[in-house]
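The file final.cif contains mmCIF, C-alpha atoms:
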```
data_upload
loop_
_atom_site.label_atom_id
_atom_site.label_comp_id
_atom_site.auth_asym_id
_atom_site.auth_seq_id
_atom_site.Cartn_x
_atom_site.Cartn_y
_atom_site.Cartn_z
CA MET V 1 133.06 85.81 77.47
CA HIS V 2 134.18 82.23 78.12
CA ASN V 3 130.74 80.94 79.14
CA GLU V 4 129.01 82.91 76.43
CA MET V 5 131.20 81.45 73.67
CA LEU V 6 130.64 77.95 75.03
CA TRP V 7 126.88 78.62 75.12
CA LEU V 8 126.88 79.59 71.43
CA ALA V 9 129.00 76.54 70.57
CA MET V 10 126.60 74.28 72.46
CA LEU V 11 123.64 75.90 70.71
CA LEU V 12 125.07 75.11 67.29
CA ALA V 13 126.10 71.60 68.37
CA ASN V 14 122.55 70.80 69.50
CA PHE V 15 120.98 72.02 66.26
CA LEU V 16 123.47 70.13 64.10
CA LEU V 17 123.03 66.93 66.13
CA ILE V 18 119.26 67.12 65.60
CA ILE V 19 119.71 67.58 61.85
CA ALA V 20 122.22 64.71 61.79
CA ALA V 21 119.81 62.44 63.69
CA TYR V 22 117.02 63.32 61.25
CA LYS V 23 119.21 62.81 58.20
CA LEU V 24 120.44 59.46 59.52
CA PHE V 25 117.30 57.93 61.01
CA GLY V 26 114.37 59.95 59.70
CA LYS V 27 111.37 60.41 61.98
CA TRP V 28 112.82 58.06 64.60
CA GLY V 29 115.96 60.17 64.77
CA LEU V 30 113.82 63.09 65.88
CA ILE V 31 111.89 60.97 68.38
CA MET V 32 115.22 59.64 69.71
CA TRP V 33 116.33 63.21 70.46
CA ILE V 34 113.49 63.81 72.92
CA PRO V 35 114.74 61.41 75.64
CA ILE V 36 118.30 62.61 74.97
CA SER V 37 117.27 66.21 75.53
CA VAL V 38 115.25 65.69 78.71
CA ILE V 39 117.83 63.39 80.34
CA VAL V 40 120.83 65.59 79.52
CA ALA V 41 118.96 68.75 80.52
CA ASN V 42 118.00 67.33 83.90
CA ILE V 43 121.63 66.51 84.64
CA GLN V 44 123.00 69.83 83.40
CA VAL V 45 120.38 71.92 85.21
CA ILE V 46 121.94 71.34 88.63
CA GLN V 47 124.90 73.54 87.62
CA THR V 48 124.37 77.26 88.11
CA ILE V 49 126.52 79.60 86.03
CA GLU V 50 126.87 83.25 85.11
CA LEU V 51 125.85 83.97 81.53
CA PHE V 52 125.66 87.39 79.88
CA GLY V 53 125.98 88.94 83.34
CA LEU V 54 123.02 87.02 84.79
CA VAL V 55 122.56 83.91 86.91
CA ALA V 56 121.47 80.93 84.80
CA THR V 57 121.34 77.16 84.91
CA LEU V 58 122.77 74.79 82.34
CA GLY V 59 120.39 72.59 80.41
CA ASN V 60 118.44 75.44 78.86
CA ILE V 61 119.69 74.82 75.34
CA VAL V 62 119.29 71.07 75.11
CA TYR V 63 115.87 71.18 76.78
CA ALA V 64 114.68 74.01 74.54
CA THR V 65 115.61 71.96 71.47
CA SER V 66 112.89 69.45 72.40
CA PHE V 67 110.39 72.11 71.29
CA LEU V 68 112.19 72.37 67.96
CA VAL V 69 111.88 68.61 67.53
CA THR V 70 108.17 68.44 68.38
CA ASP V 71 107.53 71.32 65.97
CA ILE V 72 109.38 69.48 63.20
CA LEU V 73 107.40 66.33 63.98
CA SER V 74 104.15 68.30 64.00
CA GLU V 75 104.95 69.98 60.70
CA ASN V 76 106.24 66.92 58.83
CA TYR V 77 104.35 64.02 60.40
CA GLY V 78 101.38 65.36 62.35
CA LYS V 79 100.11 65.81 65.89
CA GLU V 80 100.02 62.15 66.90
CA ASP V 81 103.72 61.52 66.22
CA ALA V 82 104.62 64.65 68.17
CA LYS V 83 102.50 63.46 71.11
CA LYS V 84 104.15 60.04 70.99
CA ALA V 85 107.59 61.68 71.20
CA VAL V 86 106.49 63.70 74.24
CA TRP V 87 105.33 60.57 76.07
CA ILE V 88 108.56 58.76 75.21
CA GLY V 89 110.48 61.64 76.78
CA PHE V 90 108.22 61.52 79.84
CA PHE V 91 108.82 57.78 80.28
CA SER V 92 112.58 58.11 79.80
CA LEU V 93 112.88 60.77 82.51
CA ILE V 94 110.89 58.69 85.00
CA SER V 95 113.02 55.65 84.18
CA MET V 96 116.32 57.50 84.61
CA THR V 97 115.25 59.04 87.92
CA LEU V 98 114.12 55.69 89.32
CA LEU V 99 117.15 53.70 88.15
CA MET V 100 119.76 56.26 89.24
CA ASN V 101 118.22 56.72 92.67
CA LEU V 102 118.08 52.95 93.15
CA ALA V 103 121.76 52.81 92.19
CA LEU V 104 122.61 55.16 95.07
CA TYR V 105 121.44 52.55 97.61
CA PHE V 106 124.26 50.21 96.61
CA LEU V 107 127.27 50.35 98.92
CA PRO V 108 130.61 51.00 97.20
CA LEU V 109 133.35 48.39 97.51
CA GLN V 110 135.04 48.62 100.90
CA GLY V 111 138.58 49.96 100.69
CA ASP V 112 138.25 51.07 97.07
CA GLU V 113 138.82 54.83 97.10
CA PHE V 114 137.83 55.20 93.45
CA ALA V 115 134.49 53.43 94.06
CA ALA V 116 133.83 55.64 97.09
CA THR V 117 134.63 58.79 95.11
CA THR V 118 132.43 57.65 92.23
CA HIS V 119 129.54 56.93 94.60
CA GLU V 120 129.93 60.34 96.21
CA SER V 121 129.97 62.03 92.80
CA LEU V 122 126.84 60.17 91.68
CA SER V 123 125.13 61.13 94.92
CA THR V 124 126.02 64.79 94.39
CA ILE V 125 124.37 64.74 90.98
CA PHE V 126 121.42 62.41 91.39
CA GLU V 127 120.29 62.95 94.98
CA LEU V 128 118.87 66.23 93.72
CA MET V 129 116.99 64.44 90.98
CA PRO V 130 113.56 63.74 92.59
CA ARG V 131 112.66 67.42 93.06
CA ILE V 132 114.24 68.37 89.75
CA ALA V 133 112.46 65.48 88.05
CA ILE V 134 109.05 66.43 89.50
CA ALA V 135 109.58 70.00 88.36
CA SER V 136 110.76 68.89 84.96
CA LEU V 137 108.01 66.31 84.43
CA THR V 138 105.29 68.80 85.35
CA ALA V 139 106.75 71.61 83.28
CA TYR V 140 107.52 69.24 80.42
CA LEU V 141 103.98 67.90 80.12
CA VAL V 142 102.32 71.30 80.51
CA SER V 143 104.59 73.06 78.02
CA GLN V 144 104.92 70.30 75.43
CA ARG V 145 101.21 69.57 75.32
CA HIS V 146 100.61 73.28 74.87
CA ASP V 147 103.29 73.50 72.18
CA ILE V 148 101.72 70.75 70.06
CA TRP V 149 98.25 72.23 70.47
CA ALA V 150 99.45 75.77 69.73
CA PHE V 151 101.49 74.73 66.69
CA HIS V 152 98.43 73.21 65.04
CA PHE V 153 96.25 76.11 66.21
CA TRP V 154 98.54 78.56 64.41
CA LYS V 155 99.01 76.21 61.47
CA LYS V 156 95.28 76.47 60.71
CA ARG V 157 95.64 80.25 60.57
CA PHE V 158 99.10 80.51 58.99
CA SER V 159 99.25 77.42 56.81
CA SER V 160 101.52 78.46 53.96
CA PRO V 161 105.07 77.07 53.79
CA GLY V 162 106.48 80.58 54.08
CA GLN V 163 104.71 81.06 57.41
CA LEU V 164 106.35 78.07 59.07
CA TRP V 165 108.63 80.43 61.05
CA LEU V 166 105.55 82.18 62.46
CA ARG V 167 103.74 79.10 63.75
CA ASN V 168 107.02 77.70 65.05
CA ASN V 169 107.86 80.79 67.08
CA LEU V 170 104.33 81.63 68.25
CA SER V 171 103.84 78.15 69.67
CA THR V 172 107.32 77.69 71.11
CA MET V 173 107.80 81.02 72.84
CA VAL V 174 104.56 80.81 74.82
CA SER V 175 105.20 77.14 75.64
CA GLN V 176 108.66 77.95 76.95
CA LEU V 177 107.23 80.71 79.12
CA LEU V 178 104.89 78.16 80.71
CA ASP V 179 107.79 75.75 81.10
CA SER V 180 110.03 78.33 82.78
CA VAL V 181 107.36 79.42 85.26
CA VAL V 182 106.39 75.89 86.31
CA PHE V 183 109.93 74.51 86.46
CA THR V 184 111.50 77.43 88.34
CA LEU V 185 108.81 77.51 91.02
CA ILE V 186 108.81 73.76 91.69
CA ALA V 187 112.56 73.17 91.38
CA PHE V 188 113.99 76.21 93.14
CA TRP V 189 111.33 77.70 95.43
CA GLY V 190 112.90 77.83 98.89
CA VAL V 191 116.32 76.88 97.52
CA PHE V 192 117.30 80.37 96.37
CA GLU V 193 116.36 83.83 97.63
CA THR V 194 113.52 85.54 95.76
CA GLY V 195 115.86 87.86 93.88
CA VAL V 196 118.01 84.98 92.62
CA LEU V 197 114.89 82.93 91.82
CA TRP V 198 113.49 85.77 89.74
CA GLU V 199 116.82 86.20 87.97
CA ILE V 200 116.98 82.47 87.18
CA PHE V 201 113.44 82.61 85.75
CA ILE V 202 114.14 85.66 83.58
CA THR V 203 117.46 84.30 82.36
CA THR V 204 116.02 80.84 81.74
CA TYR V 205 113.18 82.20 79.64
CA LEU V 206 115.36 84.65 77.73
CA LEU V 207 117.83 81.90 76.87
CA LYS V 208 115.04 79.57 75.76
CA TRP V 209 113.54 82.42 73.74
CA ALA V 210 116.92 82.94 72.05
CA VAL V 211 117.09 79.22 71.23
CA ALA V 212 113.57 79.36 69.76
CA ALA V 213 114.49 82.34 67.59
CA ALA V 214 117.75 80.73 66.46
CA ASP V 215 116.18 77.38 65.57
CA THR V 216 114.01 78.75 62.73
CA PRO V 217 116.49 78.01 59.90
CA PHE V 218 116.76 74.43 61.15
CA VAL V 219 112.97 73.96 60.96
CA TYR V 220 113.19 74.86 57.27
CA TRP V 221 116.26 72.65 56.82
CA ALA V 222 114.33 69.73 58.36
CA ARG V 223 111.46 70.32 55.93
CA ILE V 224 113.89 70.12 53.00
CA ILE V 225 115.24 66.83 54.37
CA HIS V 226 111.67 65.55 54.73
CA LYS V 227 110.83 66.43 51.14
CA LYS V 228 113.91 64.68 49.80
CA GLY V 229 113.30 61.68 52.04
CA ASN V 230 116.67 60.06 51.39
CA PHE V 231 117.45 59.13 54.97
CA LEU V 232 120.74 57.28 55.29
CA MET V 233 119.72 54.43 57.61
CA GLN V 234 116.19 53.61 56.55
#
```

Transcribe the structure of this file into structure tokens.
Amino acid sequence: MHNEMLWLAMLLANFLLIIAAYKLFGKWGLIMWIPISVIVANIQVIQTIELFGLVATLGNIVYATSFLVTDILSENYGKEDAKKAVWIGFFSLISMTLLMNLALYFLPLQGDEFAATTHESLSTIFELMPRIAIASLTAYLVSQRHDIWAFHFWKKRFSSPGQLWLRNNLSTMVSQLLDSVVFTLIAFWGVFETGVLWEIFITTYLLKWAVAAADTPFVYWARIIHKKGNFLMQ
């Protein structure tokens, strides 16, 4: 249960960091989380682990929390601010991929074993980035654009404050299904056998679904923070 306990701890840590960012910086704290989530997720995703008896990749939690953030932005500030956050995340991922791959062309200092080891470690992580980044960028835009649209679609039909959980989950769970399909096919097709690929897809979606279900209390907590409006650094 080692990985499973760490997964639950990371889940809680992500939610609390989002709430802390919102409490500290207000709307811009939420927007700030989007590039954090996509960059961290695209580094973590290269590590494959066993979780709850299934094959999974890291990065599922932190990436899934980006849907929580866009839903909070949609609920408290409107569609345009949520769209802006999505494009900031898109730009940050492109920037990281470009800058880190350029960094790999530098030659490490001759005779410096530490520099050589560091370069090799960076190569191990970031040489995989272009394919992962293309998969992530495509899945990210498709799923996040759908999530913002779907949230407001359901908000028109379930508009009461008590139905926030419904519009949050209806929009997020379908969006994460789209994300999992697009990302898994682009990132891992031909890398893993079909059985492993299918297992990664199922596990990825189930984990994201669990994150979406678990984030509901934090959507309500964020609304309380928004109503009070006493952000600490504004």

Can you find the residues with an atom no farther than 7 Å from (109.7, 79.3, 58.0), counting only C-alpha atoms, and report them as a list in words?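 Residues lying no farther than 7 Å from the given point: Pro161, Gly162, Gln163, Leu164, Trp165, Leu166, Thr216, Val219 and Tyr220 of chain V.
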
Residue by residue, what does the PyMOL selection byres ((chain V and resi 39) around 9) grab here? Present the result as a list of chain:residue names.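 Output from the PyMOL selection byres ((chain V and resi 39) around 9), applied to this file: V:Ile34, V:Pro35, V:Ile36, V:Ser37, V:Val38, V:Val40, V:Ala41, V:Asn42, V:Ile43, V:Gln44, V:Tyr63, V:Gly89, V:Ser92, V:Leu93, V:Met96.
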
Those residues with C-alpha atoms, as a PDB file, keeping the file's coordinate frame please?
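Saved to out_23.pdb:
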```
ATOM      1  CA  ILE V  34     113.490  63.810  72.920  1.00  0.00           C
ATOM      2  CA  PRO V  35     114.740  61.410  75.640  1.00  0.00           C
ATOM      3  CA  ILE V  36     118.300  62.610  74.970  1.00  0.00           C
ATOM      4  CA  SER V  37     117.270  66.210  75.530  1.00  0.00           C
ATOM      5  CA  VAL V  38     115.250  65.690  78.710  1.00  0.00           C
ATOM      6  CA  VAL V  40     120.830  65.590  79.520  1.00  0.00           C
ATOM      7  CA  ALA V  41     118.960  68.750  80.520  1.00  0.00           C
ATOM      8  CA  ASN V  42     118.000  67.330  83.900  1.00  0.00           C
ATOM      9  CA  ILE V  43     121.630  66.510  84.640  1.00  0.00           C
ATOM     10  CA  GLN V  44     123.000  69.830  83.400  1.00  0.00           C
ATOM     11  CA  TYR V  63     115.870  71.180  76.780  1.00  0.00           C
ATOM     12  CA  GLY V  89     110.480  61.640  76.780  1.00  0.00           C
ATOM     13  CA  SER V  92     112.580  58.110  79.800  1.00  0.00           C
ATOM     14  CA  LEU V  93     112.880  60.770  82.510  1.00  0.00           C
ATOM     15  CA  MET V  96     116.320  57.500  84.610  1.00  0.00           C
TER      16      MET V  96
END
```

In Å, with one decimal, what is the gap from CA of Ile46 in chain V to CA of Val196 in chain V?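 These atoms are spaced 14.7 Å apart.
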
Distance criterion (only C-alpha atoms): nearest to Leu24 in chain V out of V:Met100, V:His226, V:Phe151, V:Thr124: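 Smallest separation from Leu24 in chain V among the options: V:His226.
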
Residues within 12 Å of (119.0, 66.1, 62.8), counting only C-alpha atoms, listed as an mmCIF file with C-alpha atoms, keeping the file's coordinate frame:
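Once written, point-v4.cif looks like this:
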```cif
data_model
loop_
_atom_site.group_PDB
_atom_site.id
_atom_site.type_symbol
_atom_site.label_atom_id
_atom_site.label_comp_id
_atom_site.auth_asym_id
_atom_site.auth_seq_id
_atom_site.Cartn_x
_atom_site.Cartn_y
_atom_site.Cartn_z
ATOM 1 C CA LEU V 12 125.070 75.110 67.290
ATOM 2 C CA ALA V 13 126.100 71.600 68.370
ATOM 3 C CA ASN V 14 122.550 70.800 69.500
ATOM 4 C CA PHE V 15 120.980 72.020 66.260
ATOM 5 C CA LEU V 16 123.470 70.130 64.100
ATOM 6 C CA LEU V 17 123.030 66.930 66.130
ATOM 7 C CA ILE V 18 119.260 67.120 65.600
ATOM 8 C CA ILE V 19 119.710 67.580 61.850
ATOM 9 C CA ALA V 20 122.220 64.710 61.790
ATOM 10 C CA ALA V 21 119.810 62.440 63.690
ATOM 11 C CA TYR V 22 117.020 63.320 61.250
ATOM 12 C CA LYS V 23 119.210 62.810 58.200
ATOM 13 C CA LEU V 24 120.440 59.460 59.520
ATOM 14 C CA PHE V 25 117.300 57.930 61.010
ATOM 15 C CA GLY V 26 114.370 59.950 59.700
ATOM 16 C CA LYS V 27 111.370 60.410 61.980
ATOM 17 C CA TRP V 28 112.820 58.060 64.600
ATOM 18 C CA GLY V 29 115.960 60.170 64.770
ATOM 19 C CA LEU V 30 113.820 63.090 65.880
ATOM 20 C CA ILE V 31 111.890 60.970 68.380
ATOM 21 C CA MET V 32 115.220 59.640 69.710
ATOM 22 C CA TRP V 33 116.330 63.210 70.460
ATOM 23 C CA ILE V 34 113.490 63.810 72.920
ATOM 24 C CA THR V 65 115.610 71.960 71.470
ATOM 25 C CA SER V 66 112.890 69.450 72.400
ATOM 26 C CA LEU V 68 112.190 72.370 67.960
ATOM 27 C CA VAL V 69 111.880 68.610 67.530
ATOM 28 C CA ILE V 72 109.380 69.480 63.200
ATOM 29 C CA LEU V 73 107.400 66.330 63.980
ATOM 30 C CA ASP V 215 116.180 77.380 65.570
ATOM 31 C CA PHE V 218 116.760 74.430 61.150
ATOM 32 C CA VAL V 219 112.970 73.960 60.960
ATOM 33 C CA TYR V 220 113.190 74.860 57.270
ATOM 34 C CA TRP V 221 116.260 72.650 56.820
ATOM 35 C CA ALA V 222 114.330 69.730 58.360
ATOM 36 C CA ARG V 223 111.460 70.320 55.930
ATOM 37 C CA ILE V 224 113.890 70.120 53.000
ATOM 38 C CA ILE V 225 115.240 66.830 54.370
ATOM 39 C CA HIS V 226 111.670 65.550 54.730
ATOM 40 C CA PHE V 231 117.450 59.130 54.970
ATOM 41 C CA LEU V 232 120.740 57.280 55.290
#
```

Between CA of Tyr105 in chain V and CA of Ser123 in chain V, what distance in Å does the model show, to one decimal? 9.7 Å

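Candidate residues V:Ser136, V:Ser175, V:Asn60, V:Gln47 were compared for distance to Trp7 in chain V, and the nearest is V:Asn60, using only C-alpha atoms.
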
Could you tell me which residues the PyMOL selection byres ((chain V and resi 178-182) around 8) returns for this structure, as a ChimeraX atom specification? /V:135,138-140,142-143,174-177,183-186,201,204-205

Atomic separation - CA of Thr57 in chain V relative to CA of Ile132 in chain V, Å: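 Interatomic distance here is 12.3 Å.
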
For the PyMOL selection byres ((chain V and resi 155) around 12), applied here, can you spell out every residue it catches as a PDB file with C-alpha atoms, in the frame of the given file?
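Everything below was put into expr.pdb:
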```
ATOM      1  CA  ASP V  71     107.530  71.320  65.970  1.00  0.00           C
ATOM      2  CA  SER V  74     104.150  68.300  64.000  1.00  0.00           C
ATOM      3  CA  GLU V  75     104.950  69.980  60.700  1.00  0.00           C
ATOM      4  CA  GLY V  78     101.380  65.360  62.350  1.00  0.00           C
ATOM      5  CA  LYS V  79     100.110  65.810  65.890  1.00  0.00           C
ATOM      6  CA  ASP V 147     103.290  73.500  72.180  1.00  0.00           C
ATOM      7  CA  ILE V 148     101.720  70.750  70.060  1.00  0.00           C
ATOM      8  CA  TRP V 149      98.250  72.230  70.470  1.00  0.00           C
ATOM      9  CA  ALA V 150      99.450  75.770  69.730  1.00  0.00           C
ATOM     10  CA  PHE V 151     101.490  74.730  66.690  1.00  0.00           C
ATOM     11  CA  HIS V 152      98.430  73.210  65.040  1.00  0.00           C
ATOM     12  CA  PHE V 153      96.250  76.110  66.210  1.00  0.00           C
ATOM     13  CA  TRP V 154      98.540  78.560  64.410  1.00  0.00           C
ATOM     14  CA  LYS V 156      95.280  76.470  60.710  1.00  0.00           C
ATOM     15  CA  ARG V 157      95.640  80.250  60.570  1.00  0.00           C
ATOM     16  CA  PHE V 158      99.100  80.510  58.990  1.00  0.00           C
ATOM     17  CA  SER V 159      99.250  77.420  56.810  1.00  0.00           C
ATOM     18  CA  SER V 160     101.520  78.460  53.960  1.00  0.00           C
ATOM     19  CA  PRO V 161     105.070  77.070  53.790  1.00  0.00           C
ATOM     20  CA  GLY V 162     106.480  80.580  54.080  1.00  0.00           C
ATOM     21  CA  GLN V 163     104.710  81.060  57.410  1.00  0.00           C
ATOM     22  CA  LEU V 164     106.350  78.070  59.070  1.00  0.00           C
ATOM     23  CA  TRP V 165     108.630  80.430  61.050  1.00  0.00           C
ATOM     24  CA  LEU V 166     105.550  82.180  62.460  1.00  0.00           C
ATOM     25  CA  ARG V 167     103.740  79.100  63.750  1.00  0.00           C
ATOM     26  CA  ASN V 168     107.020  77.700  65.050  1.00  0.00           C
ATOM     27  CA  ASN V 169     107.860  80.790  67.080  1.00  0.00           C
ATOM     28  CA  LEU V 170     104.330  81.630  68.250  1.00  0.00           C
ATOM     29  CA  SER V 171     103.840  78.150  69.670  1.00  0.00           C
TER      30      SER V 171
END
```

Of the candidates V:Trp87, V:Phe67, V:Phe126, V:Phe52, which shows the shortest atom-to-atom distance to Thr203 in chain V, using all atoms listed in the file? V:Phe52

So, counting only C-alpha atoms, which residue among V:Ile200, V:Ile134, V:Ala116, V:Ala103 is closest to Leu58 in chain V? V:Ile200

Give me the residues within 7 Å of Ala212 in chain V as a list in words, counting all atoms listed in the file and dropping any in the same chain fewer than 4 places off.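 Here the answer would be Asn169, Thr172, Met173 and Lys208 of chain V.
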
I need the residue nearest Ile94 in chain V from this list: V:Glu4, V:Ala64, V:Pro130, V:Thr70. Use only C-alpha atoms for the distance. V:Pro130

Extending 6 Å beyond the listed atoms of range 21-26 of chain V on each side, what axis-aligned box results? I want centre and edge lengths in Å to one decimal, as lines of an AutoDock Vina configuration file.
```
center_x = 117.4
center_y = 60.6
center_z = 60.9
size_x = 18.1
size_y = 17.4
size_z = 17.5
```

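Closest to Leu122 in chain V among V:Pro108, V:Gly229, V:Gly53, V:Gly195 is V:Pro108, based on only C-alpha atoms.
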